[in-house]
Structures are given as structure tokens and as C-alpha cells.
Amino acid sequence: MSPAKRQSAALKAAVAALATMPIARLRAQYEHAFKKPAGTTNRDHMVRALAERATGTAQDAAIATTKPSAPTPTREPNSPRKPASAKHDPRLPAPGGTIERVFKGKALKVEVTADGFRHAGKAWSSLTALALSITGYGAISGPAFFGLSKPRTAPPAKPPTATAPRRGRSKGD
């Protein structure tokens, strides 16, 4: 068998192995090959991308058999989803400040932290998640609930326009 045919057979075997690989390992292979998170759990997408990558060179054909060098860090369940480079929202007080609101006769006090919010001893990644928990509503804006959004103003009233007299016959004619 020629080297090209051996490489083609190895490539087909590698793609077949990718198609049956557990999704967690497939994601790790993707991250190892592309040096970035997969961003998807769609098996077909990752297999197709890895197969296309493997057809480039013989070195990449070994993707299915190599293991990533280190496990991919995962986000802790209660950690904020904001990227580290996110700018501070100007509507919020600086970290260490508080937001206060009375809801259904109960005084609420929320502490602003560097990575989110703290209320009643629990950390929250967003004001919206906190407002949903407090109110039990299906959907609510956290900044609006805590009075941080700009109030909506009604559009300026249009001056009344004079109506022109109707032309033609009047009802009494």
C-alpha cells in the first residue's frame, strides 16, 4: 500500500473515531486542535471541523489519537459570566457600594462586588437574575427593578392641529 493510501485510510479511521467519541473528549480534541474553546456542543460541527483540519497535513491527521496537554478549565456554577475585560456599568455604584429598594414592604439591600452582586449572603452574577429570584416573575429587568434604568419619558405632545372645514355638501343641505 502506498503512503498516500495509508494516510487516507488513517484519516478515515480518525474521522470514524471522532464520530463515536464522547462529546466531552470531542470538545477537548477541538480545543487542542484549534487552540480555542469549541463554543458548541454540536457533534456534527466539531467532527466536520476536525476532519477538515486533519485533511490539511499528515501531522493534523493524528488529532483523533492525541490527548490534550491539560484539562480545560470550567466556570464555577456561581461565577459571573461577564468577561474579565467587561467595563463597569455606569448605572451601578462602584464595587463596595449598595443598591437599596423596598419591594412588597421588605427592604432589600444589594452589595455591588467586583464580579457581581451579593444579597442575603448569596452571590449573583446579574441584577436580572437577582430580581427574578426576589419577585418570582417570569421575566423582569434587573436594572429597571432596582431603579437604575433611565426613566422612560413620554414623547412630547403634538400641538392640536386645526381641522380644515370639509368641502362639499354638509349634512343639512
# chains A, B, ... in the order shown; residues from 1 in each chain; ligands from 1
call {"tool": "select_by_dssp", "arguments": {"residues": "stretch 100-141 of chain A", "states": "helix (DSSP H, G or I)", "output": "list in words"}}
result
Leu127, Thr128, Ala129, Leu130, Ala131, Leu132, Ser133, Ile134 and Thr135 of chain A
call {"tool": "residues_around", "arguments": {"residues": "A:Phe117", "least_positions_apart": "2", "cutoff": "12 Å", "atoms": "only C-alpha atoms", "output": "PyMOL selection string"}}
result
chain A and resi 78-80+92-99+109-115+119-131+142
call {"tool": "atom_distance", "arguments": {"atom1": "atom CA of A:Glu31", "atom2": "atom CA of A:Arg53"}}
result
12.3 Å
